[in-house]
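One structure below.
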Amino acid sequence: MQAETHFELSSLIESVNSSLDDYDTVSLDLFDTLFIRRIHEPDEIKRPVAIFISNVARQYGIDISFSRTWQIRNEIEQQHRNRNGKHFPDFEARYEDFMKEVLSDIFEKQVPTGFLEEVIAYELRIETSMLVVREEFARWLKYLKEQKKRVLIISDIYHSSSFLELLIREKGLDPYIHSVISSADSFNAKASGSAWPLVRDRFNLDINRWVHIGDNPISDSAKPEEFGIKAHLLRDLGEKHRKSIVRHLHAKSSRNELLKGRYVQQLMLPLEAENVDVSPLYTDGYNFMGPLLGYFCLSVLDYCRTNKIDRVYFCSREGWTLLRCWDEMMPILAPDGNYPEASYLYVSRIALAKASCSKHGLSNLSAGVALLPANSRDFRDICRVFSLDIEPILPFLEMHDLSAHDPIGHSSPGVTIENRHKFQELLLDSGFQNEVKRQARPAQLKLESYLNQEGFFEHPDVALIDIGWLGTIQHYLVDAISHRLHKPRIHGMLLGASKLMPYRDNHESRVHGVLYDRLRFSFPESLVTTIKDVFEETCRAPHPSVIGYERKYSSVEPIFRNTDDEVAFAEEEQDRHYAPLRQGIFDSAARFAVAMAVTGYRTQHLKPWLNLLLTARIAFPKTAEVSRIKHQVHQDDFAGNHIIPKKILRATRNLWDVSLRQLRFNPFLRLYYYLLHALRLLRSG
Amino acid sequence: MNTKTTNKHYDIQGLEMVRVIRLITLWKILRIDDIGGKPRLRDLLQLAVHHYAGRFAAIVTVKHEKRWLRSLVLIREYRARASRLAGRVKQRSLSLFRRNYK
């Protein structure tokens with residue numbers, strides 16, 4: 001009798017189904033048959049576990065590298081195999097046994113309580129993330145259950161059957177499987193053939209009514225056939241193809257830095273039942289935004305570890321998406337718990353602007369930021385941004401011969417040098433500044449109470465996470481708490497830092513651009529600024545903007561913007577449009593973390609690939625991509641109601657602002673704007 | 001229209017190898033910036049072949065495994081035979097040389 005070989009899963013299932021009445025029992029191999037691995041080499045799973053063990057060992061004062069940990073594991077596993085090989089036909093080992101010895105060896109017999117269980121749980125988590133159930137098999141198992149067939153899982157592996165059962169339960173297949181048999185339990189494997197009689201006796205099986213399916217020509221084909229069990233060998237061409245790509249990428253990425261990022265993205269890709277038809281926006285979220293935000297979170301983690309920061313605040317509203325990605329990623333990237341505590345901070349520029357004036361009044365810099373949007377130009381805009389009551393201020397304006405309607409912004413249309421001078425004099429007027437401080441004081445007190453309530457002042461260093469771009473929230477926050485003696489050093493971590501305003505950059509407050517920082521002068525990174533609004537809209541939280549704080553009994557709570565006006569409805573509509581994109585980002589976060597853990601790459605390894613990703617998707621996008629990703633509305637809380645002059649619109653126009661028709665039919669448009677962007681970057685210095 | 005996140009060639013939807021190669025080629029021509037990582041077109045082309053022709057390679061290596069294994073064995077045999085023949089020719093020429101020029 002010779003095993004039937006199948007090159008497609010469907011043909012295998014069809015063949016078994018055609019003679020299913022002849023069998024009572026169907027046994028399946030687990031790995032590379034019922035489950036496929038995202039990685040080409042199962043040993044790669046050992047890397048994150050070795051990193052985890054060595055990190056914990058370091059916390060206990062044992063200096064050991066992860067490669068040495070990995071080596072010890074391999075050596076002890078081999079010793080166990082050799083020892084068991086003397087008493088059993090197969091050279092098998094049991095994970096729990098050798099891992100216990102590995103830990104005992106590393107920790108010199110003083111293994112922390114419960115650490116072995118933690119290691120097993122972490123390996124299970126990584127293994128589960130790397131395994132994918134074959135979609136057709138999953139459907140077939142349900143059918144077999146309906147047909148009242150007994151389904152057994154037989155695997156030659158060092159994990160015990162209880163570990164494999166957990167894996168199967170995680171994948172939701174446990175209702176269809178009768179029992180799981182592992183070679184680690186009895187040290188009798190399929191490879192030598194000694195497992196088959198044991199299984200027969202244990203379940204009292206008739207070998208003539210038993211069919212086995214697997215991928216190994218010896219263990220799953222020759223040996224069961226020798227024993228008299230009908231075997232079907234699966235040699236899936238699609239799987240061989242996929243694995244050859246992963247293997248090739250793995251080999252090439254060791255020499256080619258660009259391919260490291262590609263390798264990570266390849267490992268992240270959804271397979272089998274995960275890879276269903278989805279909205280193209282979901283794909284954009286998964287394949288474009290997801291890796292960028294994952295890289296951001298990973299960089300924040302590295303920075304916090306280096307600078308010993310134990311508290312991270314994600315600023316509303318864009319921080320909401322970043323925090324969700326962070327929560328998905330951290331248990332995988334830092335299973336030892338060595339990552340800062342993260343929380344969400346309800347802040348906004350509008351909510352902090354007024355409070356920032358309480359000590360020093362209205363500074364020239366703060367006023368300049370308020371007048372930065374092209375549709376803000378006069379003193380009414382300043383009052384709107386800083387929530388100031390204009391009536392008590394009007395006498396000071398009259399005193400300096402200014403009206404509330406006079407253009408005073410640095411580049412506002414119609415602004416005169418006289419008006420600028422008058423405005424500068426107004427800022428130097430102590431009476432005016434005292435009035436501003438008087439109005440700002442209550443807002444500052446509420447903000448301070450809110451920050452106190454959030455534990456902001458309890459740490460020497462805190463990281464403030466936001467999407468970008470100027471770092472105004474941090475600037476206002478530092479101003480608002482500048483009178484305090486005990487305040488934390490604030491490390492601003494922005495996705496993109498345009499650093500256009502000369503904000504303070506000292507030991508008290510620093511701003512770092514993670515994906516883009518103008519001071520790094522990187523051309524591909526700077527492309528992020530082309531679609532700033534898209535990033536903001538994508539990451540925006542599903543709650544309205546914060547406009548201030550109010551006391552409610554003993555606590556201070558944020559006040560949100562109205563939700564019944566046109567802007568709120570437009571935001572809601574935009575949220576609905578971006579929902580699949582956000583889902584793609586959230587789904588990719590955990591897979592990105594697992595891929596990074598398995599490859600052992602650091603953030604710097606991803607940079608070349610992310611540069612390519614940014615250029616391909618921002619500077620050379622397909623027309624369809626622009627049409628679906630481009631936001632429909634964007635509400636800038638600082639923006640005024642004035643009409644923006646065409647000259648300014650033309651000067652700031654970029655590829656994503658041109659019409660779809662032009663994008664579709666003008667072949668040189670992308671190149672033109674790419675070169676124009678380079679020119680603008682060089683001019684801006 | 002809905003799509004799959006991983007396309008049928010196991011390529012990344014939205015950043016397919018063709019797009020990557022086109023962009024790297026453009027970079028190599030323009031040379032206005034360095035993305036880092038020293039991108040090599042040869043590696044990318046090899047990867048593209050794996051993605052788009054890998055299925056055929058899998059058919060050859062898996063489906064016709066016996067056939068190409070047999071070919072390999074034959075090639076080894078021919079090489080061994082050829083080297084034996086070369087050895088004999090060398091021996092013969094050496095003996096001729098010694099006989100004529102001693």
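Naming scheme: A, B, ... for chains in displayed order of the structure tokens; residues 1 onward per chain; ligands 1 onward as shown.
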- [ ] Restrict the distance test to only C-alpha atoms, flag each residue of chain A within 9 Å of chain B, and return the flagged residues as a ChimeraX atom specification.
- [x] /A:7,235-242,244-245,248-249,252,256-259,265-266,269-271,275-280,282-284,286-288,522-524,605,607-613,615-617,620,622,625,675,678
Selected residues, N, CA and C atoms, written as a short mmCIF file (atom, residue, chain, number, x, y, z; two decimals), in the first residue's frame, please.
data_model
loop_
_atom_site.label_atom_id
_atom_site.label_comp_id
_atom_site.auth_asym_id
_atom_site.auth_seq_id
_atom_site.Cartn_x
_atom_site.Cartn_y
_atom_site.Cartn_z
N PHE A 7 -1.18 17.60 -4.00
CA PHE A 7 -0.47 18.88 -4.09
C PHE A 7 -1.37 20.07 -3.80
N ARG A 235 1.45 17.71 0.11
CA ARG A 235 2.63 18.49 -0.28
C ARG A 235 2.10 19.73 -1.01
N ASP A 236 1.65 20.68 -0.20
CA ASP A 236 0.93 21.84 -0.74
C ASP A 236 1.87 22.78 -1.49
N LEU A 237 1.56 22.96 -2.77
CA LEU A 237 2.43 23.81 -3.61
C LEU A 237 2.35 25.27 -3.18
N GLY A 238 1.15 25.72 -2.82
CA GLY A 238 0.98 27.11 -2.39
C GLY A 238 1.82 27.41 -1.15
N GLU A 239 1.81 26.47 -0.23
CA GLU A 239 2.58 26.64 0.99
C GLU A 239 4.08 26.65 0.71
N LYS A 240 4.51 25.74 -0.19
CA LYS A 240 5.94 25.70 -0.55
C LYS A 240 6.35 27.04 -1.15
N HIS A 241 5.45 27.58 -1.98
CA HIS A 241 5.71 28.86 -2.63
C HIS A 241 5.85 29.96 -1.57
N ARG A 242 4.89 30.02 -0.65
CA ARG A 242 4.90 31.07 0.38
C ARG A 242 6.16 30.95 1.26
N SER A 244 8.98 29.61 0.51
CA SER A 244 10.21 29.92 -0.23
C SER A 244 10.42 31.44 -0.24
N ILE A 245 9.32 32.20 -0.31
CA ILE A 245 9.44 33.67 -0.29
C ILE A 245 9.98 34.12 1.07
N HIS A 248 13.61 33.16 1.47
CA HIS A 248 14.47 34.02 0.65
C HIS A 248 14.63 35.40 1.31
N LEU A 249 13.51 35.94 1.80
CA LEU A 249 13.56 37.25 2.45
C LEU A 249 14.43 37.22 3.71
N LYS A 252 18.06 37.10 2.58
CA LYS A 252 18.53 38.35 1.97
C LYS A 252 18.56 39.49 2.96
N ASN A 256 20.82 42.83 3.39
CA ASN A 256 20.22 44.01 2.78
C ASN A 256 19.29 44.68 3.79
N GLU A 257 19.69 45.85 4.26
CA GLU A 257 18.91 46.55 5.30
C GLU A 257 17.49 46.88 4.84
N LEU A 258 17.35 47.19 3.56
CA LEU A 258 16.03 47.56 3.04
C LEU A 258 15.03 46.44 3.22
N LEU A 259 15.52 45.20 3.05
CA LEU A 259 14.60 44.06 3.07
C LEU A 259 14.20 43.65 4.49
N GLN A 265 7.07 43.05 7.34
CA GLN A 265 5.72 43.19 6.76
C GLN A 265 5.22 41.88 6.16
N GLN A 266 6.16 41.09 5.62
CA GLN A 266 5.78 39.79 5.05
C GLN A 266 5.26 38.87 6.16
N LEU A 269 1.62 39.67 7.27
CA LEU A 269 0.51 39.52 6.32
C LEU A 269 -0.54 38.50 6.78
N PRO A 270 -1.81 38.83 6.62
CA PRO A 270 -2.84 37.86 6.97
C PRO A 270 -2.88 36.70 5.98
N LEU A 271 -3.09 35.51 6.50
CA LEU A 271 -3.10 34.31 5.65
C LEU A 271 -4.40 33.54 5.86
N ASN A 275 -7.22 36.27 5.65
CA ASN A 275 -7.09 37.07 4.42
C ASN A 275 -8.40 37.06 3.63
N VAL A 276 -9.39 37.70 4.18
CA VAL A 276 -10.70 37.74 3.51
C VAL A 276 -10.80 39.03 2.70
N ASP A 277 -11.84 39.10 1.88
CA ASP A 277 -12.09 40.33 1.12
C ASP A 277 -12.45 41.46 2.07
N VAL A 278 -11.69 42.52 2.02
CA VAL A 278 -11.93 43.66 2.92
C VAL A 278 -11.95 44.95 2.11
N SER A 279 -12.39 45.99 2.77
CA SER A 279 -12.40 47.30 2.11
C SER A 279 -10.94 47.70 1.83
N PRO A 280 -10.68 48.35 0.68
CA PRO A 280 -9.30 48.78 0.40
C PRO A 280 -8.75 49.70 1.50
N TYR A 282 -9.19 49.25 4.66
CA TYR A 282 -8.65 48.35 5.69
C TYR A 282 -7.21 47.96 5.30
N THR A 283 -7.05 47.63 4.03
CA THR A 283 -5.72 47.26 3.53
C THR A 283 -4.73 48.42 3.70
N ASP A 284 -5.21 49.65 3.45
CA ASP A 284 -4.33 50.82 3.65
C ASP A 284 -3.93 50.94 5.11
N TYR A 286 -3.80 48.49 7.27
CA TYR A 286 -2.98 47.34 7.66
C TYR A 286 -1.57 47.41 7.07
N ASN A 287 -1.50 47.77 5.80
CA ASN A 287 -0.21 47.71 5.11
C ASN A 287 0.55 49.03 5.06
N PHE A 288 -0.14 50.13 5.34
CA PHE A 288 0.54 51.44 5.25
C PHE A 288 0.62 52.14 6.61
N SER A 522 15.60 64.80 6.55
CA SER A 522 15.48 63.60 5.71
C SER A 522 14.34 63.82 4.73
N PHE A 523 14.63 63.64 3.47
CA PHE A 523 13.64 63.91 2.44
C PHE A 523 12.44 62.95 2.49
N PRO A 524 12.67 61.62 2.51
CA PRO A 524 11.50 60.74 2.56
C PRO A 524 10.65 60.96 3.81
N HIS A 605 16.45 49.29 12.04
CA HIS A 605 16.43 48.33 10.93
C HIS A 605 15.25 48.58 9.99
N LYS A 607 13.90 51.54 9.26
CA LYS A 607 13.86 52.89 8.68
C LYS A 607 13.92 52.89 7.14
N PRO A 608 14.87 52.20 6.49
CA PRO A 608 14.91 52.25 5.03
C PRO A 608 13.60 51.81 4.38
N TRP A 609 13.00 50.74 4.91
CA TRP A 609 11.76 50.25 4.31
C TRP A 609 10.63 51.25 4.53
N LEU A 610 10.59 51.87 5.71
CA LEU A 610 9.53 52.84 5.97
C LEU A 610 9.70 54.08 5.09
N ASN A 611 10.94 54.45 4.82
CA ASN A 611 11.19 55.56 3.90
C ASN A 611 10.61 55.25 2.53
N LEU A 612 10.81 54.00 2.12
CA LEU A 612 10.28 53.57 0.82
C LEU A 612 8.75 53.56 0.84
N LEU A 613 8.21 53.09 1.95
CA LEU A 613 6.75 53.03 2.11
C LEU A 613 6.15 54.44 2.02
N THR A 615 7.47 57.12 0.61
CA THR A 615 7.62 57.69 -0.73
C THR A 615 6.61 57.07 -1.69
N ALA A 616 6.46 55.76 -1.60
CA ALA A 616 5.55 55.08 -2.53
C ALA A 616 4.11 55.53 -2.30
N ARG A 617 3.72 55.63 -1.03
CA ARG A 617 2.30 55.89 -0.75
C ARG A 617 1.95 57.38 -0.67
N PHE A 620 4.20 59.02 -4.55
CA PHE A 620 3.79 58.36 -5.82
C PHE A 620 2.56 57.48 -5.58
N LYS A 622 -1.26 55.89 -6.04
CA LYS A 622 -2.18 55.62 -7.15
C LYS A 622 -3.36 56.57 -6.98
N GLU A 625 -5.88 55.43 -4.51
CA GLU A 625 -5.43 55.56 -3.11
C GLU A 625 -5.71 56.97 -2.59
N LEU A 675 9.66 66.66 -6.96
CA LEU A 675 10.80 67.57 -7.09
C LEU A 675 10.50 68.90 -6.42
N ALA A 678 11.05 68.61 -2.81
CA ALA A 678 12.50 68.65 -2.52
C ALA A 678 13.00 70.09 -2.50
#
- [ ] Could you give me, as JSON, numbers by chain, each residue of chain B that DSSP assigns to alpha helix (DSSP H) when run on this structure's backbone?
- [x] {"B": [17, 18, 19, 20, 21, 22, 23, 24, 25, 26, 27, 28, 29, 30, 41, 42, 43, 44, 45, 46, 47, 48, 49, 50, 51, 52, 53, 54, 55, 56, 57, 58, 65, 66, 67, 68, 69, 70, 71, 72, 73, 74, 75, 76, 77, 78, 79, 80, 81, 82, 83, 84, 85, 86, 87, 88, 89, 90, 91, 92, 93, 94, 95, 96, 97, 98, 99, 100, 101]}
Open item on the list: At a cut-off of 7 Å, using only C-alpha atoms, what residues contact Leu500 in chain A? Leave out same-chain residues fewer than 2 positions from it and give the result as a PyMOL selection string.
Closed with: chain A and resi 470+498+502
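Between CA of Asp389 in chain A and CA of Ser411 in chain A there is a distance of 24.9 Å.
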TODO: From a DSSP calculation on the backbone, collect every residue of range 119-230 of chain A in strand (DSSP E or B) and output the set as JSON, numbers by chain.
DONE: {"A": [131, 132, 133, 150, 151, 152, 153, 154, 155, 179, 180, 181, 182, 210, 211, 212, 213, 214, 230]}
